[in-house]
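Asks: Contents are mmCIF, C-alpha atoms; file name query_6.cif:
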data_structure
#
loop_
_atom_site.label_atom_id
_atom_site.label_comp_id
_atom_site.auth_asym_id
_atom_site.auth_seq_id
_atom_site.Cartn_x
_atom_site.Cartn_y
_atom_site.Cartn_z
CA LEU X 1 0.00 0.00 0.00
CA LEU X 2 2.83 2.38 0.75
CA GLY X 3 5.80 3.66 -1.21
CA ARG X 4 9.01 5.44 -0.20
CA PHE X 5 11.14 8.08 -1.89
CA VAL X 6 14.03 10.14 -0.54
CA MET X 7 14.20 13.63 -1.95
CA GLN X 8 16.68 16.44 -1.89
CA CYS X 9 15.16 19.79 -1.09
CA GLY X 10 15.14 22.14 -4.03
CA ALA X 11 15.39 19.29 -6.54
CA LEU X 12 11.78 19.40 -7.64
CA ASP X 13 11.06 20.44 -11.20
CA GLU X 14 8.40 23.11 -10.87
CA ALA X 15 7.36 22.52 -14.48
CA ALA X 16 6.39 18.92 -13.69
CA VAL X 17 2.64 18.54 -13.60
CA ASP X 18 2.18 14.84 -12.94
CA GLY X 19 3.29 13.35 -9.63
CA ALA X 20 5.48 16.30 -8.68
CA CYS X 21 6.50 14.75 -5.39
CA LEU X 22 7.52 11.52 -7.11
CA LEU X 23 9.96 13.19 -9.47
CA GLN X 24 13.69 13.73 -9.16
CA HIS X 25 13.98 11.78 -5.94
CA ARG X 26 17.32 10.45 -4.85
CA TYR X 27 17.96 7.38 -2.75
CA GLU X 28 19.98 7.48 0.44
CA GLY X 29 21.18 4.14 1.72
CA PRO X 30 20.50 3.17 5.34
CA ASP X 31 24.07 3.98 6.33
CA SER X 32 24.22 7.44 4.75
CA PRO X 33 25.84 9.97 7.10
CA HIS X 34 23.61 12.58 8.67
CA ILE X 35 24.51 16.22 8.27
CA THR X 36 25.69 17.90 11.45
CA ASP X 37 26.30 21.49 12.44
CA PRO X 38 29.62 22.66 13.95
CA SER X 39 28.43 21.64 17.42
CA GLY X 40 28.16 18.04 16.26
CA VAL X 41 24.36 17.86 16.62
CA ALA X 42 22.90 15.66 13.88
CA ASP X 43 20.04 16.83 11.70
CA PRO X 44 16.82 14.94 12.40
CA LEU X 45 15.40 12.53 9.86
CA VAL X 46 12.36 14.02 8.14
CA TYR X 47 9.44 12.03 6.74
CA VAL X 48 6.60 13.57 4.73
CA LEU X 49 3.32 11.67 4.45
CA THR X 50 1.37 12.33 1.27
CA VAL X 51 -0.87 10.60 -1.28
CA ASN X 52 -0.48 10.39 -5.04
CA THR X 53 -3.28 12.75 -6.00
CA THR X 54 -3.25 16.19 -7.57
CA VAL X 55 -3.89 17.82 -4.21
CA GLY X 56 -1.34 15.63 -2.47
CA ASN X 57 1.33 16.36 -5.06
CA ASP X 58 0.67 20.10 -4.90
CA ARG X 59 0.87 20.13 -1.11
CA CYS X 60 4.01 18.01 -1.07
CA ALA X 61 5.70 20.21 -3.66
CA SER X 62 4.84 23.33 -1.67
CA LEU X 63 6.13 21.84 1.57
CA SER X 64 9.35 20.65 -0.07
CA ALA X 65 10.02 24.14 -1.39
CA ASN X 66 9.81 25.58 2.13
CA LEU X 67 11.59 22.94 4.20
CA PRO X 68 15.03 24.44 3.46
CA LYS X 69 13.94 27.47 5.51
CA LEU X 70 14.18 25.14 8.52
CA GLY X 71 17.63 23.90 7.58
CA VAL X 72 16.27 20.66 6.10
CA THR X 73 18.39 19.41 3.21
CA SER X 74 16.67 16.11 2.45
CA PHE X 75 13.59 14.24 3.46
CA GLU X 76 11.79 11.02 2.73
CA VAL X 77 8.37 10.96 1.11
CA VAL X 78 6.09 8.16 2.25
CA MET X 79 3.22 7.55 -0.13
CA GLY X 80 0.22 6.81 2.01
CA VAL X 81 -3.13 5.21 1.37
CA PHE X 82 -5.73 7.26 -0.50
CA ALA X 83 -9.06 6.78 1.25
CA GLY X 84 -10.95 7.42 -1.98
CA ASP X 85 -9.64 4.13 -3.36
CA PHE X 86 -11.82 2.24 -0.89
CA SER X 87 -15.60 2.15 -0.97
CA SER X 88 -16.06 1.56 2.75
CA VAL X 89 -14.17 1.51 6.02
CA ASN X 90 -14.60 -2.28 5.99
CA ASP X 91 -12.59 -2.52 2.78
CA LEU X 92 -9.85 -0.30 4.18
CA ILE X 93 -9.72 -2.26 7.43
CA ALA X 94 -9.33 -5.47 5.42
CA ALA X 95 -6.41 -3.93 3.48
CA SER X 96 -4.73 -2.33 6.49
CA PRO X 97 -1.50 -3.74 7.97
CA PHE X 98 -3.03 -4.06 11.43
CA THR X 99 -4.26 -7.20 13.13
CA TRP X 100 -7.67 -6.12 14.30
CA THR X 101 -9.21 -7.59 17.42
CA ASP X 102 -12.93 -7.35 18.08
CA GLU X 103 -12.12 -4.84 20.82
CA GLN X 104 -10.16 -2.62 18.45
CA ASP X 105 -12.78 -2.89 15.74
CA HIS X 106 -15.50 -1.84 18.17
CA ALA X 107 -13.40 1.00 19.58
CA TRP X 108 -12.62 2.39 16.12
CA ARG X 109 -16.21 2.27 14.92
CA HIS X 110 -17.42 3.73 18.22
CA THR X 111 -15.44 6.89 17.51
CA ASN X 112 -17.24 7.22 14.16
CA GLN X 113 -13.98 7.54 12.28
CA GLY X 114 -14.16 7.14 8.52
CA ASN X 115 -11.82 6.10 5.75
CA GLY X 116 -9.80 9.32 5.80
CA ALA X 117 -8.78 9.02 9.44
CA LEU X 118 -7.83 5.36 9.06
CA ALA X 119 -5.88 5.96 5.84
CA CYS X 120 -3.93 8.75 7.54
CA THR X 121 -3.26 6.58 10.58
CA ILE X 122 -1.92 3.76 8.40
CA GLY X 123 0.58 6.23 6.94
CA HIS X 124 1.74 7.46 10.35
CA HIS X 125 2.12 3.87 11.54
CA ARG X 126 4.36 3.09 8.57
CA ILE X 127 6.52 6.13 9.29
CA TRP X 128 6.91 5.02 12.93
CA GLN X 129 8.20 1.68 11.63
CA LEU X 130 10.68 3.40 9.33
CA ALA X 131 11.74 5.85 12.04
CA GLN X 132 12.33 3.17 14.66
CA ALA X 133 14.50 1.15 12.28
CA ALA X 134 16.50 4.17 11.08
CA LEU X 135 16.98 5.76 14.49
CA SER X 136 18.16 2.49 16.01
CA LYS X 137 21.21 2.33 13.74
CA PRO X 138 24.62 3.30 15.14
CA GLY X 139 25.33 6.99 14.65
CA ALA X 140 21.72 7.83 13.88
CA PRO X 141 20.27 11.15 15.09
CA ARG X 142 17.99 11.26 18.11
CA TRP X 143 14.87 12.49 16.31
CA ALA X 144 12.70 11.71 13.31
CA VAL X 145 10.23 14.40 12.28
CA VAL X 146 6.84 13.30 10.93
CA LEU X 147 5.02 15.75 8.66
CA GLU X 148 1.72 15.62 6.84
CA ASP X 149 1.88 17.21 3.42
CA ASP X 150 -0.43 20.07 4.36
CA ALA X 151 1.92 21.40 7.02
CA LEU X 152 2.91 25.04 6.58
CA VAL X 153 6.46 25.98 7.51
CA LYS X 154 6.88 28.76 10.05
CA PRO X 155 10.31 30.13 9.04
CA GLY X 156 12.94 31.59 11.31
CA LYS X 157 13.95 28.48 13.22
CA LYS X 158 16.01 25.43 12.37
CA LEU X 159 14.55 22.04 13.21
CA ARG X 160 17.89 20.92 14.58
CA ASP X 161 18.02 23.82 17.04
CA VAL X 162 14.40 23.41 18.17
CA LEU X 163 14.81 19.69 18.88
CA ALA X 164 18.15 20.22 20.62
CA LYS X 165 16.21 21.95 23.43
CA VAL X 166 13.99 18.95 24.15
CA PRO X 167 15.00 17.18 27.39
CA GLU X 168 16.16 13.57 27.29
CA LYS X 169 13.06 12.48 29.18
CA ALA X 170 10.77 13.29 26.24
CA ASP X 171 10.27 10.88 23.34
CA ILE X 172 7.55 12.77 21.43
CA ALA X 173 7.94 16.46 20.60
CA PHE X 174 4.99 18.42 19.26
CA LEU X 175 6.00 20.96 16.64
CA ASP X 176 2.63 22.22 15.38
CA ASN X 177 0.46 25.12 16.49
CA PHE X 178 -2.48 23.13 17.79
CA HIS X 179 -1.65 19.95 19.69
CA CYS X 180 -0.34 21.81 22.74
CA LYS X 181 -2.75 24.74 22.73
CA HIS X 182 -4.06 23.72 26.16
CA HIS X 183 -0.58 23.48 27.74
CA GLU X 184 2.29 25.72 28.65
CA PRO X 185 5.66 24.97 27.01
CA GLY X 186 7.53 22.14 28.69
CA LEU X 187 7.35 18.46 29.50
CA VAL X 188 3.88 16.91 29.37
CA GLY X 189 2.73 13.55 30.72
CA THR X 190 -0.48 12.02 32.00
CA GLU X 191 -2.02 15.49 32.33
CA LEU X 192 -2.06 15.92 28.53
CA TYR X 193 -5.46 17.22 27.49
CA VAL X 194 -7.53 14.24 26.40
CA HIS X 195 -8.81 15.97 23.26
CA SER X 196 -5.47 17.33 22.08
CA THR X 197 -5.58 16.92 18.33
CA GLY X 198 -3.48 17.40 15.25
CA SER X 199 -0.57 15.39 13.88
CA ILE X 200 0.68 17.61 11.06
CA GLY X 201 4.13 18.02 12.63
CA TYR X 202 5.81 16.18 15.50
CA ALA X 203 9.01 14.29 16.22
CA VAL X 204 9.71 10.90 17.77
CA THR X 205 12.77 9.14 19.13
CA ALA X 206 13.45 5.46 18.50
CA ARG X 207 11.96 4.72 21.91
CA GLY X 208 8.96 6.90 21.17
CA ALA X 209 8.32 5.16 17.86
CA ALA X 210 8.62 1.75 19.52
CA THR X 211 6.15 2.79 22.22
CA LEU X 212 3.64 3.96 19.63
CA LEU X 213 4.01 0.76 17.62
CA ALA X 214 3.41 -1.35 20.73
CA GLU X 215 0.07 0.38 21.39
CA LYS X 216 -3.07 -1.15 19.90
CA LEU X 217 -4.88 0.99 17.35
CA ILE X 218 -8.15 2.30 18.75
CA VAL X 219 -8.02 5.98 17.71
CA PRO X 220 -6.56 8.05 14.83
CA SER X 221 -2.89 9.03 14.74
CA ASP X 222 -3.18 12.24 16.79
CA GLY X 223 -5.15 10.41 19.47
CA TRP X 224 -2.63 7.57 19.35
CA LEU X 225 0.06 10.06 20.38
CA ASN X 226 -2.13 11.07 23.31
CA VAL X 227 -2.83 7.51 24.43
CA VAL X 228 0.81 6.63 25.10
CA ILE X 229 1.50 9.94 26.86
CA ARG X 230 -1.65 9.98 28.98
CA GLY X 231 -1.05 6.30 29.78
CA GLY X 232 2.34 7.11 31.28
CA LYS X 233 4.25 5.15 28.64
CA ALA X 234 6.09 8.18 27.21
CA PHE X 235 6.63 11.86 27.91
CA GLY X 236 5.78 14.53 25.39
CA TRP X 237 7.22 17.99 24.88
CA CYS X 238 5.33 21.16 24.10
CA GLY X 239 7.81 23.59 22.65
CA GLU X 240 8.30 25.99 19.78
CA VAL X 241 5.83 26.06 16.91
CA VAL X 242 7.52 25.19 13.63
CA PHE X 243 4.54 24.06 11.55
CA GLU X 244 0.99 25.26 11.10
CA HIS X 245 -1.97 23.65 9.40
CA ASN X 246 -2.81 25.15 6.04
CA TYR X 247 -6.54 24.99 6.76
CA ARG X 248 -8.67 24.72 9.86
CA MET X 249 -9.30 21.10 10.72
CA LYS X 250 -12.80 19.81 11.44
CA SER X 251 -11.45 18.40 14.69
CA GLU X 252 -10.12 21.84 15.60
CA ARG X 253 -13.53 23.44 15.10
CA ARG X 254 -15.23 20.55 16.98
CA TYR X 255 -12.91 20.76 19.99
CA GLU X 256 -13.21 24.54 20.13
CA ARG X 257 -16.97 24.13 20.45
CA TYR X 258 -16.45 21.36 23.01
CA THR X 259 -14.28 23.49 25.27
CA LYS X 260 -16.33 26.70 25.17
#
Before anything else, please render the file you have as structure tokens.
Replies:
Amino acid sequence: LLGRFVMQCGALDEAAVDGACLLQHRYEGPDSPHITDPSGVADPLVYVLTVNTTVGNDRCASLSANLPKLGVTSFEVVMGVFAGDFSSVNDLIAASPFTWTDEQDHAWRHTNQGNGALACTIGHHRIWQLAQAALSKPGAPRWAVVLEDDALVKPGKKLRDVLAKVPEKADIAFLDNFHCKHHEPGLVGTELYVHSTGSIGYAVTARGAATLLAEKLIVPSDGWLNVVIRGGKAFGWCGEVVFEHNYRMKSERRYERYTK
């Protein structure tokens, strides 16, 4: 269901009209060295989740053009599942990589989540697998950044510098403008707001990715992040905003109504 491409920022051909984010990719082997700054801090790995549609390609091309503003020199595109290819959530569940128990099936349907949420979650799950494997290699950086293709870059900061401030205790760092809106900057644990939503931009360590992968799927990807933190299995970090959503999410509008 999923494909992988490693791309060099700035290498996209703007004249390309078909599959822009699939063009001019370059492969980096698993042992490729990671770029470091003079202090010796390694750049994080960066994964971009997208789908091979016109909208997905346009978003991915736009994001790739702006990632260099954060000091990102290369990133890996993970082609996710397009929900429109499946007629029902049953079909998507049958094609998903998860082993579904009756409990999980009931929990997912109870939240009234549709194809889109499940397709997105499948993509995040695949990136966690890739991140855990890559970050566990000798000499790998501490962090892997997970981005959805509709993330907007907030320039002025380098990803490396932002993540260097995260304490060792944290294994998930939120980098978007919404997930931590109910919290002050700093370490966050079981007190994380239950309805914190949004997964357009965050980072995980190898331990964080492993913890997420060990958790049974019962909620979409942003809720999955909450489950492991609220369950005391990992600490999160609410820090500097580096990414914003390029449109207001339905969940954002719903939770705003919920909290008023």
Asks: Which residues are near X:Glu148? Cut-off 9 Å, only C-alpha atoms, ignore same chain within fewer than 3 positions. Put them as number ranges by chain.
Replies: X: 47-50, 60, 120, 124, 151, 199-201
Asks: Export C-alpha atoms of the chosen residues as a PDB file, in the coordinates of the input?
Replies:
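Result file is part_27.pdb:
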ATOM      1  CA  TYR X  47       9.440  12.030   6.740  1.00  0.00           C
ATOM      2  CA  VAL X  48       6.600  13.570   4.730  1.00  0.00           C
ATOM      3  CA  LEU X  49       3.320  11.670   4.450  1.00  0.00           C
ATOM      4  CA  THR X  50       1.370  12.330   1.270  1.00  0.00           C
ATOM      5  CA  CYS X  60       4.010  18.010  -1.070  1.00  0.00           C
ATOM      6  CA  CYS X 120      -3.930   8.750   7.540  1.00  0.00           C
ATOM      7  CA  HIS X 124       1.740   7.460  10.350  1.00  0.00           C
ATOM      8  CA  ALA X 151       1.920  21.400   7.020  1.00  0.00           C
ATOM      9  CA  SER X 199      -0.570  15.390  13.880  1.00  0.00           C
ATOM     10  CA  ILE X 200       0.680  17.610  11.060  1.00  0.00           C
ATOM     11  CA  GLY X 201       4.130  18.020  12.630  1.00  0.00           C
TER      12      GLY X 201
END
Asks: Tell me which of X:Ile229, X:Ala134, X:Ala164, X:Ala209 sits closest to X:Asp43, counting only C-alpha atoms.
Replies: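 Using only C-alpha atoms, X:Asp43 sits closest to X:Ala164.
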Asks: Exactly which residues make up the result of the PyMOL selection byres ((chain X and resi 150) around 7) on this file, given as a PDB file with C-alpha atoms, in the coordinates of the input?
Replies:
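Everything below was put into result.pdb:
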ATOM      1  CA  ARG X  59       0.870  20.130  -1.110  1.00  0.00           C
ATOM      2  CA  GLU X 148       1.720  15.620   6.840  1.00  0.00           C
ATOM      3  CA  ASP X 149       1.880  17.210   3.420  1.00  0.00           C
ATOM      4  CA  ALA X 151       1.920  21.400   7.020  1.00  0.00           C
ATOM      5  CA  LEU X 152       2.910  25.040   6.580  1.00  0.00           C
ATOM      6  CA  HIS X 245      -1.970  23.650   9.400  1.00  0.00           C
ATOM      7  CA  ASN X 246      -2.810  25.150   6.040  1.00  0.00           C
TER       8      ASN X 246
END
Asks: Apply the PyMOL selection byres ((chain X and resi 91-102) around 10) to the structure shown and report the selected residues as a list in words.
Replies: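 This file gives the following for the PyMOL selection byres ((chain X and resi 91-102) around 10): Leu1, Val81, Phe82, Ala83, Gly84, Asp85, Phe86, Ser87, Ser88, Val89, Asn90, Glu103, Gln104, Asp105, His106, Ala107, Trp108, Gly114, Asn115, Gly116, Leu118, Ala119, Thr121, Ile122, His125, Arg126, Lys216, Leu217 and Ile218 of chain X.
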Asks: Counting only C-alpha atoms, which of X:Ala117, X:Leu45, X:Ala61, X:Ile172 gets nearest to X:Gly236?
Replies: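 So, comparing all the options, the nearest one is X:Ile172.
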Asks: Just give me the gap between atom CA of X:Val188 and atom CA of X:Trp237 in Å, one decimal is fine.
Replies: 5.7 Å
Asks: Once the PyMOL selection byres ((chain X and resi 170) around 12) is applied to the coordinates I shared, what remains selected? I want it as a CSV table (one decimal) with C-alpha atoms, in the coordinates of the input.
Replies:
chain,number,residue,atom,x,y,z
X,142,ARG,CA,18.0,11.3,18.1
X,143,TRP,CA,14.9,12.5,16.3
X,163,LEU,CA,14.8,19.7,18.9
X,164,ALA,CA,18.2,20.2,20.6
X,165,LYS,CA,16.2,22.0,23.4
X,166,VAL,CA,14.0,19.0,24.2
X,167,PRO,CA,15.0,17.2,27.4
X,168,GLU,CA,16.2,13.6,27.3
X,169,LYS,CA,13.1,12.5,29.2
X,171,ASP,CA,10.3,10.9,23.3
X,172,ILE,CA,7.6,12.8,21.4
X,173,ALA,CA,7.9,16.5,20.6
X,174,PHE,CA,5.0,18.4,19.3
X,186,GLY,CA,7.5,22.1,28.7
X,187,LEU,CA,7.4,18.5,29.5
X,188,VAL,CA,3.9,16.9,29.4
X,189,GLY,CA,2.7,13.6,30.7
X,203,ALA,CA,9.0,14.3,16.2
X,204,VAL,CA,9.7,10.9,17.8
X,205,THR,CA,12.8,9.1,19.1
X,206,ALA,CA,13.4,5.5,18.5
X,207,ARG,CA,12.0,4.7,21.9
X,208,GLY,CA,9.0,6.9,21.2
X,209,ALA,CA,8.3,5.2,17.9
X,229,ILE,CA,1.5,9.9,26.9
X,232,GLY,CA,2.3,7.1,31.3
X,233,LYS,CA,4.2,5.2,28.6
X,234,ALA,CA,6.1,8.2,27.2
X,235,PHE,CA,6.6,11.9,27.9
X,236,GLY,CA,5.8,14.5,25.4
X,237,TRP,CA,7.2,18.0,24.9
X,238,CYS,CA,5.3,21.2,24.1
X,239,GLY,CA,7.8,23.6,22.6
Asks: Between atom CA of X:Tyr193 and atom CA of X:Arg230, what is the distance, to one decimal in Å?
Replies: 8.3 Å
Asks: Just how far from atom CA of X:Thr197 is atom CA of X:Asn66, in Å to one decimal?
Replies: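 So the answer is 24.0 Å.
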Asks: So, counting all atoms listed in the file, which residue among X:Leu70, X:Leu192, X:Leu212, X:Met79 is closest to X:Val162?
Replies: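 For X:Val162, the nearest of the candidates is X:Leu70.
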Asks: Please enclose the listed atoms of stretch 142-160 of chain X in an axis-aligned box, pad each side by 4 Å, and write out the centre and the three edge lengths in Å, rounded to one decimal, as lines of an AutoDock Vina configuration file.
Replies:
center_x = 8.8
center_y = 21.4
center_z = 10.8
size_x = 26.4
size_y = 28.3
size_z = 22.7
